[in-house]
Every structure is written in structure tokens, then in C-alpha cells.
$ cat upload_35.cif   # mmCIF, C-alpha atoms and all ligand atoms
data_start
#
loop_
_atom_site.label_atom_id
_atom_site.label_comp_id
_atom_site.auth_asym_id
_atom_site.auth_seq_id
_atom_site.Cartn_x
_atom_site.Cartn_y
_atom_site.Cartn_z
CA SER A 892 0.00 0.00 0.00
CA THR A 893 1.13 3.56 -0.61
CA GLN A 894 2.32 5.77 2.23
CA ARG A 895 -0.21 8.41 3.26
CA THR A 896 1.04 11.76 4.54
CA TYR A 897 -0.90 14.28 6.61
CA THR A 898 -0.05 17.85 7.46
CA ILE A 899 -1.30 18.59 10.94
CA ASP A 900 -1.09 21.93 12.70
CA VAL A 901 -0.46 21.57 16.39
CA ILE A 902 -1.25 24.35 18.84
CA ALA A 903 -0.20 23.16 22.32
CA GLY A 904 -1.24 26.54 23.75
CA ASP A 905 -1.22 27.21 27.48
CA GLY A 906 -0.75 25.42 30.80
CA ILE A 907 -1.23 21.66 30.64
CA GLY A 908 -1.77 21.93 26.87
CA GLN A 909 2.05 21.98 26.71
CA GLU A 910 2.17 18.75 28.74
CA VAL A 911 -0.53 16.64 27.08
CA ILE A 912 0.29 17.48 23.45
CA PRO A 913 3.74 15.77 23.32
CA PRO A 914 2.33 12.33 24.31
CA ALA A 915 -0.37 12.70 21.65
CA ILE A 916 2.22 13.48 18.95
CA ARG A 917 4.36 10.50 20.00
CA CYS A 918 1.37 8.12 19.89
CA VAL A 919 0.13 9.36 16.51
CA ASP A 920 3.64 8.98 15.06
CA ALA A 921 4.10 5.50 16.57
CA LEU A 922 0.76 4.40 15.13
CA GLY A 923 1.71 5.81 11.73
CA ALA A 924 4.72 3.51 11.59
CA ARG A 925 2.38 0.50 11.99
CA HIS A 926 -0.58 1.70 9.94
CA GLY A 927 1.14 3.15 6.89
CA TYR A 928 0.88 6.91 7.31
CA SER A 929 3.21 9.70 8.33
CA VAL A 930 2.55 13.15 9.73
CA VAL A 931 4.20 16.48 9.01
CA TRP A 932 3.61 18.43 12.23
CA ARG A 933 3.46 22.20 11.94
CA GLU A 934 4.00 23.40 15.50
CA ARG A 935 2.47 26.80 16.21
CA ASP A 936 3.68 28.74 19.25
CA TRP A 937 0.33 30.55 19.52
CA GLY A 938 -1.56 31.25 22.71
CA SER A 939 -0.98 33.41 25.78
CA ASP A 940 2.83 33.58 25.61
CA TYR A 941 2.47 34.68 22.02
CA TYR A 942 -0.03 37.27 23.26
CA PHE A 943 2.39 38.71 25.84
CA THR A 944 4.85 39.44 23.01
CA HIS A 945 2.53 40.31 20.12
CA ARG A 946 -0.70 41.47 21.78
CA ARG A 947 -2.63 38.85 19.83
CA MET A 948 -3.26 35.14 20.36
CA MET A 949 -2.17 34.23 16.84
CA PRO A 950 -0.75 36.06 13.80
CA VAL A 951 -3.06 38.28 11.73
CA ASP A 952 -2.99 35.67 8.98
CA GLY A 953 -3.19 32.72 11.38
CA ILE A 954 -6.35 31.35 9.78
CA GLU A 955 -4.76 31.42 6.30
CA GLN A 956 -1.71 29.62 7.66
CA LEU A 957 -3.90 26.77 8.88
CA ALA A 958 -6.18 26.57 5.85
CA ASP A 959 -4.18 24.11 3.76
CA GLY A 960 -3.55 21.62 6.59
CA ASP A 961 -5.40 18.32 7.01
CA ALA A 962 -6.36 18.86 10.65
CA ILE A 963 -5.57 20.89 13.77
CA LEU A 964 -4.64 19.33 17.11
CA LEU A 965 -5.10 21.77 19.97
CA GLY A 966 -4.13 21.54 23.65
CA ALA A 967 -5.80 24.35 25.58
CA VAL A 968 -5.75 28.10 25.87
CA GLY A 969 -6.33 30.23 28.93
CA HIS A 970 -4.03 32.16 31.26
CA PRO A 971 -4.70 33.52 34.76
CA ASP A 972 -3.34 36.96 33.73
CA LEU A 973 -5.58 37.32 30.66
CA PRO A 974 -9.36 37.67 30.45
CA ASP A 975 -10.86 34.39 29.20
CA HIS A 976 -12.93 36.09 26.52
CA GLU A 977 -9.70 37.48 25.08
CA THR A 978 -8.03 34.07 24.78
CA LEU A 979 -11.18 32.32 23.55
CA TRP A 980 -12.23 34.91 20.97
CA GLY A 981 -8.61 35.46 19.91
CA LEU A 982 -7.94 31.89 18.83
CA LEU A 983 -10.49 29.13 19.38
CA ILE A 984 -13.68 30.81 18.25
CA PRO A 985 -12.18 32.35 15.07
CA ILE A 986 -10.84 28.92 14.05
CA ARG A 987 -14.20 27.23 14.70
CA ARG A 988 -16.09 29.89 12.75
CA GLU A 989 -13.75 30.66 9.85
CA PHE A 990 -13.43 26.94 9.13
CA LEU A 991 -17.20 26.37 9.53
CA GLN A 992 -16.61 23.70 12.18
CA TYR A 993 -20.30 23.74 12.98
CA ILE A 994 -20.30 20.36 14.71
CA ASN A 995 -18.74 20.01 18.14
CA LEU A 996 -18.72 16.29 18.85
CA ARG A 997 -18.21 15.24 22.45
CA PRO A 998 -18.29 11.52 23.13
CA VAL A 999 -18.39 10.37 26.74
CA ARG A 1000 -17.88 6.86 28.13
CA ILE A 1001 -16.79 5.43 31.45
CA LEU A 1002 -13.30 4.15 30.65
CA PRO A 1003 -11.73 1.15 32.46
CA GLY A 1004 -10.47 1.87 35.97
CA VAL A 1005 -12.70 4.92 36.32
CA VAL A 1006 -15.39 5.11 38.98
CA SER A 1007 -18.18 7.60 38.40
CA PRO A 1008 -18.61 10.07 41.28
CA LEU A 1009 -22.18 8.78 41.20
CA ARG A 1010 -21.57 5.25 42.44
CA LYS A 1011 -24.70 3.82 40.83
CA VAL A 1012 -23.59 4.84 37.34
CA THR A 1013 -21.76 2.06 35.52
CA ASP A 1014 -23.26 2.24 32.08
CA LEU A 1015 -22.80 5.46 30.13
CA ASP A 1016 -22.12 5.90 26.42
CA ILE A 1017 -23.30 9.28 25.17
CA VAL A 1018 -22.29 11.61 22.36
CA VAL A 1019 -23.19 15.26 22.79
CA VAL A 1020 -23.49 16.99 19.40
CA ARG A 1021 -23.12 20.67 20.13
CA GLU A 1022 -23.88 23.41 17.60
CA ASN A 1023 -20.55 25.20 17.32
CA VAL A 1024 -20.74 28.40 15.26
CA GLU A 1025 -23.92 30.28 16.17
CA GLY A 1026 -26.53 30.34 18.93
CA GLU A 1027 -25.89 32.02 22.24
CA TYR A 1028 -22.15 32.55 21.60
CA SER A 1029 -22.50 35.58 19.42
CA SER A 1030 -20.64 38.84 19.07
CA VAL A 1031 -23.87 40.69 18.35
CA GLY A 1032 -24.72 43.12 21.11
CA GLY A 1033 -22.89 45.66 23.17
CA ARG A 1034 -22.14 47.32 26.48
CA VAL A 1035 -23.12 50.87 27.20
CA TYR A 1036 -22.39 53.35 30.04
CA ARG A 1037 -19.36 51.41 31.32
CA GLY A 1038 -18.88 51.64 35.06
CA ARG A 1039 -21.91 53.85 35.65
CA SER A 1040 -25.05 52.81 37.44
CA GLU A 1041 -26.91 53.06 34.10
CA GLU A 1042 -24.62 50.41 32.60
CA PHE A 1043 -26.25 47.65 30.59
CA ALA A 1044 -25.28 44.80 28.29
CA ILE A 1045 -27.21 43.27 25.42
CA GLN A 1046 -26.21 39.88 24.07
CA GLU A 1047 -28.12 38.55 21.07
CA ALA A 1048 -28.44 34.85 20.29
CA VAL A 1049 -28.42 33.93 16.60
CA PHE A 1050 -30.31 30.85 15.39
CA THR A 1051 -30.65 30.13 11.69
CA ARG A 1052 -32.71 27.48 9.90
CA THR A 1053 -29.60 26.32 8.04
CA GLY A 1054 -27.57 26.17 11.25
CA ILE A 1055 -30.16 24.12 13.14
CA GLU A 1056 -30.88 21.86 10.16
CA ARG A 1057 -27.29 20.80 9.60
CA VAL A 1058 -26.51 20.04 13.24
CA ALA A 1059 -29.78 18.13 13.67
CA ARG A 1060 -29.11 16.11 10.52
CA PHE A 1061 -25.57 15.26 11.64
CA ALA A 1062 -26.87 14.13 15.04
CA ALA A 1063 -29.68 12.05 13.49
CA ASP A 1064 -27.24 10.32 11.11
CA LEU A 1065 -24.91 9.62 14.02
CA ALA A 1066 -27.73 8.20 16.17
CA ALA A 1067 -28.69 5.91 13.28
CA THR A 1068 -25.20 4.34 13.41
CA ARG A 1069 -25.45 3.87 17.19
CA ARG A 1070 -28.43 2.90 19.35
CA GLY A 1071 -30.94 4.96 17.38
CA ARG A 1072 -31.92 7.33 20.19
CA LEU A 1073 -31.78 11.06 19.64
CA THR A 1074 -32.54 13.65 22.32
CA SER A 1075 -32.88 17.32 21.45
CA ALA A 1076 -32.13 19.80 24.25
CA THR A 1077 -34.55 22.70 24.21
CA LYS A 1078 -36.00 25.49 26.33
CA SER A 1079 -38.93 26.54 24.20
CA ASN A 1080 -41.11 27.21 27.24
CA GLY A 1081 -38.90 30.11 28.39
CA ILE A 1082 -37.02 31.21 25.29
CA ILE A 1083 -39.93 31.88 23.01
CA HIS A 1084 -38.39 32.86 19.64
CA SER A 1085 -35.22 30.91 19.00
CA MET A 1086 -36.05 27.67 20.80
CA PRO A 1087 -39.42 27.05 19.10
CA LEU A 1088 -37.52 27.48 15.78
CA TRP A 1089 -34.94 24.97 17.05
CA ASP A 1090 -37.75 22.50 17.92
CA GLU A 1091 -39.56 22.87 14.58
CA VAL A 1092 -36.49 22.53 12.39
CA ALA A 1093 -35.14 19.61 14.43
CA ALA A 1094 -38.52 17.83 14.18
CA ASP A 1095 -38.60 18.39 10.39
CA VAL A 1096 -35.12 16.98 9.95
CA VAL A 1097 -35.64 13.81 11.96
CA ARG A 1098 -39.18 13.11 10.74
CA ASP A 1099 -37.88 10.88 7.96
CA GLY A 1100 -35.16 9.30 10.12
CA ALA A 1101 -36.57 5.79 9.95
CA GLY A 1102 -36.10 3.73 13.10
CA LEU A 1103 -34.98 6.67 15.24
CA THR A 1104 -36.52 7.43 18.61
CA VAL A 1105 -36.60 11.19 19.00
CA ASP A 1106 -37.26 13.13 22.20
CA SER A 1107 -37.28 16.83 22.80
CA VAL A 1108 -36.45 17.56 26.44
CA LEU A 1109 -36.25 20.88 28.30
CA ILE A 1110 -32.62 21.55 29.23
CA ASP A 1111 -33.23 21.88 32.97
CA ALA A 1112 -35.08 18.58 33.20
CA LEU A 1113 -32.50 17.05 30.86
CA ALA A 1114 -29.66 18.07 33.19
CA ALA A 1115 -31.39 16.26 36.05
CA LYS A 1116 -32.15 13.17 33.93
CA VAL A 1117 -28.58 12.89 32.69
CA VAL A 1118 -27.43 12.69 36.33
CA LEU A 1119 -30.18 10.30 37.47
CA ASP A 1120 -30.24 7.95 34.47
CA PRO A 1121 -27.36 8.56 32.02
CA GLY A 1122 -27.75 5.06 30.57
CA ALA A 1123 -31.00 6.18 28.94
CA PHE A 1124 -29.20 8.53 26.51
CA ASP A 1125 -27.46 7.87 23.21
CA VAL A 1126 -26.98 11.04 21.10
CA ILE A 1127 -27.94 14.46 22.46
CA VAL A 1128 -28.15 17.43 20.09
CA ALA A 1129 -27.93 20.86 21.66
CA SER A 1130 -27.30 24.53 20.97
CA ASN A 1131 -23.88 26.06 21.55
CA LEU A 1132 -24.48 27.04 25.19
CA PHE A 1133 -26.63 24.08 26.24
CA GLY A 1134 -24.20 21.67 24.57
CA ASP A 1135 -21.22 23.27 26.28
CA ILE A 1136 -22.72 22.93 29.74
CA LEU A 1137 -24.25 19.51 29.17
CA SER A 1138 -21.04 17.98 27.86
CA ASP A 1139 -19.08 19.07 30.95
CA LEU A 1140 -21.83 17.65 33.12
CA VAL A 1141 -21.85 14.31 31.31
CA ALA A 1142 -18.03 14.18 31.38
CA ALA A 1143 -18.04 14.77 35.13
CA VAL A 1144 -20.61 12.00 35.63
CA ALA A 1145 -18.25 9.73 33.63
CA GLY A 1146 -15.45 10.32 36.11
CA SER A 1147 -13.15 13.20 35.15
CA ILE A 1148 -12.99 16.17 32.85
CA GLY A 1149 -9.40 15.05 32.16
CA ILE A 1150 -10.58 12.22 29.91
CA ALA A 1151 -13.17 14.04 27.80
CA PRO A 1152 -12.33 14.68 24.12
CA SER A 1153 -13.94 16.88 21.49
CA ALA A 1154 -13.91 17.30 17.74
CA ASN A 1155 -14.76 20.56 15.96
CA ILE A 1156 -15.82 19.27 12.59
CA ASN A 1157 -16.42 20.80 9.18
CA PRO A 1158 -18.39 17.85 7.75
CA GLU A 1159 -18.05 19.02 4.14
CA ARG A 1160 -14.24 18.93 4.57
CA ARG A 1161 -13.79 22.25 2.83
CA TYR A 1162 -11.65 23.29 5.78
CA PRO A 1163 -9.51 21.51 8.38
CA SER A 1164 -11.29 20.23 11.48
CA MET A 1165 -9.89 20.77 14.98
CA PHE A 1166 -9.49 18.24 17.78
CA GLU A 1167 -9.03 19.24 21.42
CA PRO A 1168 -9.73 17.97 24.92
CA VAL A 1169 -12.76 19.41 26.69
CA HIS A 1170 -10.65 20.59 29.62
CA GLY A 1171 -8.82 23.90 29.78
CA SER A 1172 -5.26 24.92 30.66
CA ALA A 1173 -5.66 23.88 34.34
CA PRO A 1174 -3.34 26.53 35.84
CA ASP A 1175 -3.79 24.91 39.26
CA ILE A 1176 -1.77 21.84 38.21
CA ALA A 1177 0.19 23.19 35.21
CA GLY A 1178 3.98 22.73 35.22
CA ARG A 1179 3.93 19.69 37.50
CA GLY A 1180 3.74 16.98 34.85
CA ILE A 1181 0.72 15.31 36.44
CA ALA A 1182 -2.04 16.17 33.95
CA ASN A 1183 -4.14 13.32 32.61
CA PRO A 1184 -3.34 13.02 28.88
CA VAL A 1185 -6.38 10.82 28.07
CA GLY A 1186 -8.62 13.69 26.88
CA GLN A 1187 -5.87 14.73 24.47
CA LEU A 1188 -5.16 11.15 23.33
CA TRP A 1189 -8.87 10.44 22.77
CA SER A 1190 -9.06 13.71 20.76
CA ALA A 1191 -6.11 12.48 18.67
CA SER A 1192 -8.01 9.24 18.12
CA LEU A 1193 -11.03 11.21 16.87
CA MET A 1194 -8.66 13.08 14.54
CA LEU A 1195 -7.28 9.83 13.12
CA GLY A 1196 -10.83 8.58 12.56
CA HIS A 1197 -11.70 11.80 10.75
CA LEU A 1198 -8.63 11.40 8.51
CA GLY A 1199 -9.83 7.91 7.57
CA GLU A 1200 -7.25 6.10 9.72
CA SER A 1201 -9.86 4.18 11.66
CA ALA A 1202 -7.61 1.19 12.44
CA ALA A 1203 -5.05 3.53 14.04
CA ALA A 1204 -7.84 5.44 15.83
CA ASP A 1205 -9.16 2.20 17.36
CA ALA A 1206 -5.65 0.99 18.23
CA LEU A 1207 -4.97 4.23 20.11
CA MET A 1208 -8.13 3.93 22.21
CA ALA A 1209 -7.45 0.23 22.83
CA ALA A 1210 -3.96 1.10 24.13
CA VAL A 1211 -5.38 3.84 26.37
CA GLU A 1212 -8.10 1.54 27.73
CA GLN A 1213 -5.68 -1.35 28.35
CA THR A 1214 -3.36 1.01 30.20
CA MET A 1215 -6.19 2.23 32.41
CA ALA A 1216 -7.54 -1.28 32.94
CA SER A 1217 -4.09 -2.34 34.21
CA GLY A 1218 -4.46 0.21 37.01
CA VAL A 1219 -2.15 2.86 35.56
CA LEU A 1220 -4.09 6.07 36.29
CA THR A 1221 -3.23 9.72 36.85
CA ALA A 1222 -3.93 11.58 40.09
CA ASP A 1223 -7.28 13.03 38.98
CA LEU A 1224 -8.55 9.43 38.84
CA GLY A 1225 -6.97 8.49 42.16
CA GLY A 1226 -3.86 6.93 40.61
CA ARG A 1227 -0.15 7.60 40.97
CA ALA A 1228 1.09 7.77 37.37
CA ASP A 1229 2.33 11.08 36.04
CA THR A 1230 1.75 12.26 32.48
CA SER A 1231 4.91 10.78 31.00
CA GLU A 1232 4.58 7.42 32.80
CA PHE A 1233 1.05 7.07 31.51
CA ALA A 1234 2.19 7.98 27.98
CA THR A 1235 5.04 5.46 28.14
CA GLN A 1236 2.58 2.71 29.07
CA VAL A 1237 0.30 3.63 26.15
CA LEU A 1238 3.26 3.69 23.74
CA ARG A 1239 4.43 0.28 24.95
CA ARG A 1240 1.00 -1.13 24.09
CA ILE A 1241 1.06 0.48 20.65
CA ASP A 1242 4.47 -1.06 19.82
P1 LIG B 1301 -9.89 23.45 33.49
O1 LIG B 1301 -10.51 22.39 32.66
O2 LIG B 1301 -8.62 24.00 33.02
O3 LIG B 1301 -9.71 22.87 34.98
C1 LIG B 1301 -10.80 22.48 35.81
C2 LIG B 1301 -10.31 21.52 36.90
O4 LIG B 1301 -10.05 20.24 36.31
C3 LIG B 1301 -8.99 21.96 37.52
O5 LIG B 1301 -8.99 21.63 38.90
C4 LIG B 1301 -7.94 21.15 36.79
O6 LIG B 1301 -6.80 20.88 37.54
C5 LIG B 1301 -8.71 19.86 36.46
N1 LIG B 1301 -8.24 19.28 35.20
C6 LIG B 1301 -8.53 19.73 33.95
N2 LIG B 1301 -7.93 18.99 33.03
C7 LIG B 1301 -7.22 18.05 33.68
C8 LIG B 1301 -6.37 16.98 33.27
N3 LIG B 1301 -6.11 16.74 31.97
N4 LIG B 1301 -5.80 16.22 34.22
C9 LIG B 1301 -6.05 16.44 35.51
N5 LIG B 1301 -6.85 17.42 35.97
C10 LIG B 1301 -7.43 18.23 35.07
O7 LIG B 1301 -10.98 24.60 33.64
P2 LIG B 1301 -10.86 26.03 34.37
O8 LIG B 1301 -9.99 25.91 35.58
O9 LIG B 1301 -12.23 26.51 34.49
O10 LIG B 1301 -10.15 26.95 33.31
C11 LIG B 1301 -8.74 27.19 33.28
C12 LIG B 1301 -8.42 28.00 32.06
O11 LIG B 1301 -8.65 27.20 30.88
C13 LIG B 1301 -9.27 29.25 31.90
O12 LIG B 1301 -8.44 30.27 31.42
C14 LIG B 1301 -10.31 28.85 30.85
O13 LIG B 1301 -10.78 29.92 30.11
C15 LIG B 1301 -9.50 27.91 29.99
N6 LIG B 1301 -10.33 26.94 29.26
C16 LIG B 1301 -9.93 26.68 27.97
C17 LIG B 1301 -10.60 25.74 27.24
C18 LIG B 1301 -10.07 25.43 25.89
O14 LIG B 1301 -8.93 25.74 25.56
N7 LIG B 1301 -10.85 24.81 25.04
C19 LIG B 1301 -11.76 25.02 27.76
C20 LIG B 1301 -12.05 25.33 29.15
C21 LIG B 1301 -11.35 26.28 29.85
MG MG B 1302 -16.79 24.15 28.04
#

$ encode --input "upload_35.cif" --output "C-alpha cells" --more "lines below"
Ligand code: NAI
Ligand code: MG
Amino acid sequence: STQRTYTIDVIAGDGIGQEVIPPAIRCVDALGARHGYSVVWRERDWGSDYYFTHRRMMPVDGIEQLADGDAILLGAVGHPDLPDHETLWGLLIPIRREFLQYINLRPVRILPGVVSPLRKVTDLDIVVVRENVEGEYSSVGGRVYRGRSEEFAIQEAVFTRTGIERVARFAADLAATRRGRLTSATKSNGIIHSMPLWDEVAADVVRDGAGLTVDSVLIDALAAKVVLDPGAFDVIVASNLFGDILSDLVAAVAGSIGIAPSANINPERRYPSMFEPVHGSAPDIAGRGIANPVGQLWSASLMLGHLGESAAADALMAAVEQTMASGVLTADLGGRADTSEFATQVLRRID
């Protein structure tokens, strides 16, 4: 077979991003040697350190620099000395939007060796499909009368028929390949313009999804149900804000935010997609070499799957799961392994 080559931009970013990215690169390279591909890594020193020098999170033409790559692997951004909206809107959100990564896929499972903080929960296999480019995270609005008692802020949510349709269709197609259960997160009792549109369009899209069970559930009740009976859910489709909150909740129920991965996908493949753990830069543990690399490794596995390297993607998750099943766990899961020990064990199982 011919050798496949991928160009992948890697943005380790801030805090523990710098610690969990190197293991991911080593694993992807090691798998390439066995599965017939190689990777040209384009390392980008973007993020908060870049900001302290250049007053921006990435170069002016950062998006153009990434455009011809096959994928983007990101660690995390966020620094205690910078406002979070600056770091987020300076790097992550422009990449998601400019590359029309309108699907944010967040699979959650209870991996071997992990005990849910809810002792009763043993069976959990959920994918949250979060709308990723519109909705509540919008730059439309403003702040007036700063610092005065008259001060106010207006923040507009943007919901489009096209935007809802495409995320609902993606989620329905995904559910059809899994257990056939789709849940739509809504709040059409309180939010009376955008959420009824969400409900109508979602219902239209899934109407012809033969064999699918479809439920529309109010987000507050859904949050409670996901805690009380997570085994009842398969694929959950949600707006940008609801999906963000729900996926952290589900990840926490599954044991640790340190294991949760995410994929920002442009399904049409006109632009590179971006793969990143759900967690942030974790300044409280950064620099100590103890971060759990599983969220980053699982994100790398999603990236390999997206590139069509599904055998390598599966082999990576198998190596991670075998490592965890053998009792090698990082501190967030009650274990004693540090980041590099854990990575070494995963690499040994790949080789
Ligand atoms: P965080 O996810 O960085 O940390 C939350 C808690 O989980 C901390 O106690 C941390 O030590 C722990 N934790 C997270 N990942 C871990 C891992 N891999 N192994 C072990 N423990 C882990 O969220 P936080 O503290 O709210 O935010 C910190 C910074 O990260 C902020 O600046 C925030 O804006 C940014 N952030 C960036 C994200 C991104 O780049 N996509 C996502 C979330 C937050
Ligand atoms: Mg989040």
C-alpha cells in the first residue's frame, strides 16, 4: 500500500496543553509507523505567551496559515493573567467559525479503571453533538455606560434554519449508526423565539429518520435526567451554550474532565477540522507533569478517525483503555502515574 502523509497543525497553547500534546504526537507517530501513514507536524507557538509578546493570540494571517492543513490538534488556551474572553475569541472561536466547524462532537464513556462520582452509574455511552458556530455565543450586542449605574449589556443569540438543520441532521445520522436514540435539548417554554424554531427545524429533519426514537427535552429537566439515568441517553443534540454545559456535566458523571475529548468538525471537509480535549489549561496543576493526557489522546483518536485512519484510531483507544484497565491512572482518577509514565505505558502497548 502507498504511504499516506498528513499535514497537521499543532497548537499546544497554554498550561497543561504543553504537557498533554507531546504524548499525543508520540502516539500518533508511533501508530503511523504501523498503519502506513506519516505526519508532518506544523508546531504553532500561539496562545498566551504569544499574546504577551505580540498582543494577539495568533498572527493576523493565522487562519490562512492553517487553511491548507489536514487537521488541527489543539491543547488548551487560557491564562490567569488574561481575560478568558480574550483568549477564547482570539484563537479558538475564530478557528471554529472561519473553518465552519459547525459540529462540536463530544463523546463520553466510562473508561476502564474509572469510577463515576455517582456510584450507581456504571453504564454510560453518550455523544453530545453541540452546535458550534452560532446560537448564544455571538458577538452581536454591546455594552453601554461602562462603570456607571446606568450600565447595561445586550447579548443577542443567533439561530438560523440552516444552522439548526445541519446540526440536527448530523446528530440524526450519528444516532442511526449507534443505538438509534436522539434527544434534542430545548428550552422553548422560556425562550420563546429561537427555541421554538430549534424544535420545529429539528422535528422536520428527523421526521424521515426511519427507526430513530426522538425526544425533545427541556434543558433543565434534561440536566437532572442525565445525572439520574445517564444510561438512557445515546446522542444528544444541543445549541452552543446548552451543549457546552451539558457535555461538561456528562463528562463529570463519567469520572473526570481530564478524559473528555472533542472534535470541531467541518463535515463538508472544505476546511480543516480541529481536535481538542474538553478541559482547559488547568493553571492549578500546570507545570507539575501530572495532567491526565487521556482527553488529548482520545481527541487524537477522533482526529485519526476523521482522517480515515480508523484502524489507528481504534488501536490508540485500545492502548489507552488497556493502560487504564491495568491500574495505571493519573492523580485526577486516584492513581499515581504522572503524564509521562502514563504515555510510556500507552506507547508500549502500541508497539
Ligand atoms: P480546566 O478544565 O482547566 O480545569 C478544571 C479543573 O479540572 C482543575 O482543577 C484542573 O486541575 C482539572 N483538570 C482539567 N484537566 C485536567 C487533566 N487533563 N488532568 C487532571 N486534571 C485536570 O478549567 P478552568 O480551571 O475553568 O479553566 C482554566 C483555564 O482554561 C481558563 O483560562 C479557561 O478559560 C480555559 N479553558 C480553555 C478551554 C479550551 O482551551 N478549550 C476550555 C475550558 C477552559
Ligand atoms: Mg466548556

$ residues_near_ligand --input "upload_35.cif" --ligand "ligand MG 1302 (chain B)" --cutoff "8 Å" --atoms "all atoms listed in the file" --output "JSON, numbers by chain"
{"A": [1135, 1136, 1138, 1139, 1169, 1170]}

$ atom_distance --input "upload_35.cif" --atom1 "atom CA of A:Asp1205" --atom2 "atom CA of A:Leu1220"
20.0 Å

$ closest_residue --input "upload_35.cif" --among "A:Gly969, A:Pro1087, A:Pro1121, A:Gly923" --to "A:Ile1001" --atoms "only C-alpha atoms"
A:Pro1121

$ closest_residue --input "upload_35.cif" --among "A:Ala1076, A:Ile912, A:Ile1148, A:Leu973" --to "A:Val1126" --atoms "only C-alpha atoms"
A:Ala1076

$ residues_around --input "upload_35.cif" --residues "stretch 1033-1035 of chain A" --least-positions-apart "2" --cutoff "8 Å" --atoms "only C-alpha atoms" --output "ChimeraX atom specification"
/A:1031,1037,1042-1046

$ residues_near_ligand --input "upload_35.cif" --ligand "ligand LIG 1301 (chain B)" --cutoff "9 Å" --atoms "all atoms listed in the file" --output "PyMOL selection string"
chain A and resi 904-908+911+965-976+978-979+983+1147-1151+1167-1177+1181-1187+1221-1224+1230

$ atom_distance --input "upload_35.cif" --atom1 "atom CA of A:Phe1124" --atom2 "atom CA of A:Ile1017"
6.1 Å

$ residues_around --input "upload_35.cif" --residues "stretch 1051-1053 of chain A" --least-positions-apart "4" --cutoff "8 Å" --atoms "all atoms listed in the file" --output "list in words"
Arg1057, Leu1088, Trp1089 and Val1092 of chain A

$ atom_distance --input "upload_35.cif" --atom1 "atom CA of A:Ile916" --atom2 "atom CA of A:Phe1166"
12.7 Å

$ closest_residue --input "upload_35.cif" --among "A:Leu1195, A:Leu1015, A:Ile1127, A:Ala903" --to "A:Asp940" --atoms "all atoms listed in the file"
A:Ala903

$ closest_residue --input "upload_35.cif" --among "A:Val1097, A:Tyr1162, A:Gln909, A:Tyr1036" --to "A:Gly1180" --atoms "all atoms listed in the file"
A:Gln909

$ closest_residue --input "upload_35.cif" --among "A:Val1117, A:Met1194, A:Val1211, A:Met1165" --to "A:Asn1023" --atoms "only C-alpha atoms"
A:Met1165

$ residues_around --input "upload_35.cif" --residues "A:Val1128" --least-positions-apart "2" --cutoff "10 Å" --atoms "only C-alpha atoms" --output "JSON, numbers by chain"
{"A": [994, 995, 996, 1018, 1019, 1020, 1021, 1022, 1055, 1058, 1059, 1060, 1061, 1062, 1063, 1073, 1074, 1075, 1076, 1077, 1093, 1107, 1126, 1130, 1131, 1133, 1134]}

$ closest_residue --input "upload_35.cif" --among "A:Arg895, A:His1197, A:Arg1240, A:Arg917" --to "A:Ala962" --atoms "all atoms listed in the file"
A:His1197

$ axis_aligned_box --input "upload_35.cif" --around "stretch 1121-1129 of chain A" --padding-each-side "8 Å" --output "lines of an AutoDock Vina configuration file"
center_x = -29.0
center_y = 13.0
center_z = 26.1
size_x = 20.0
size_y = 31.8
size_z = 27.9
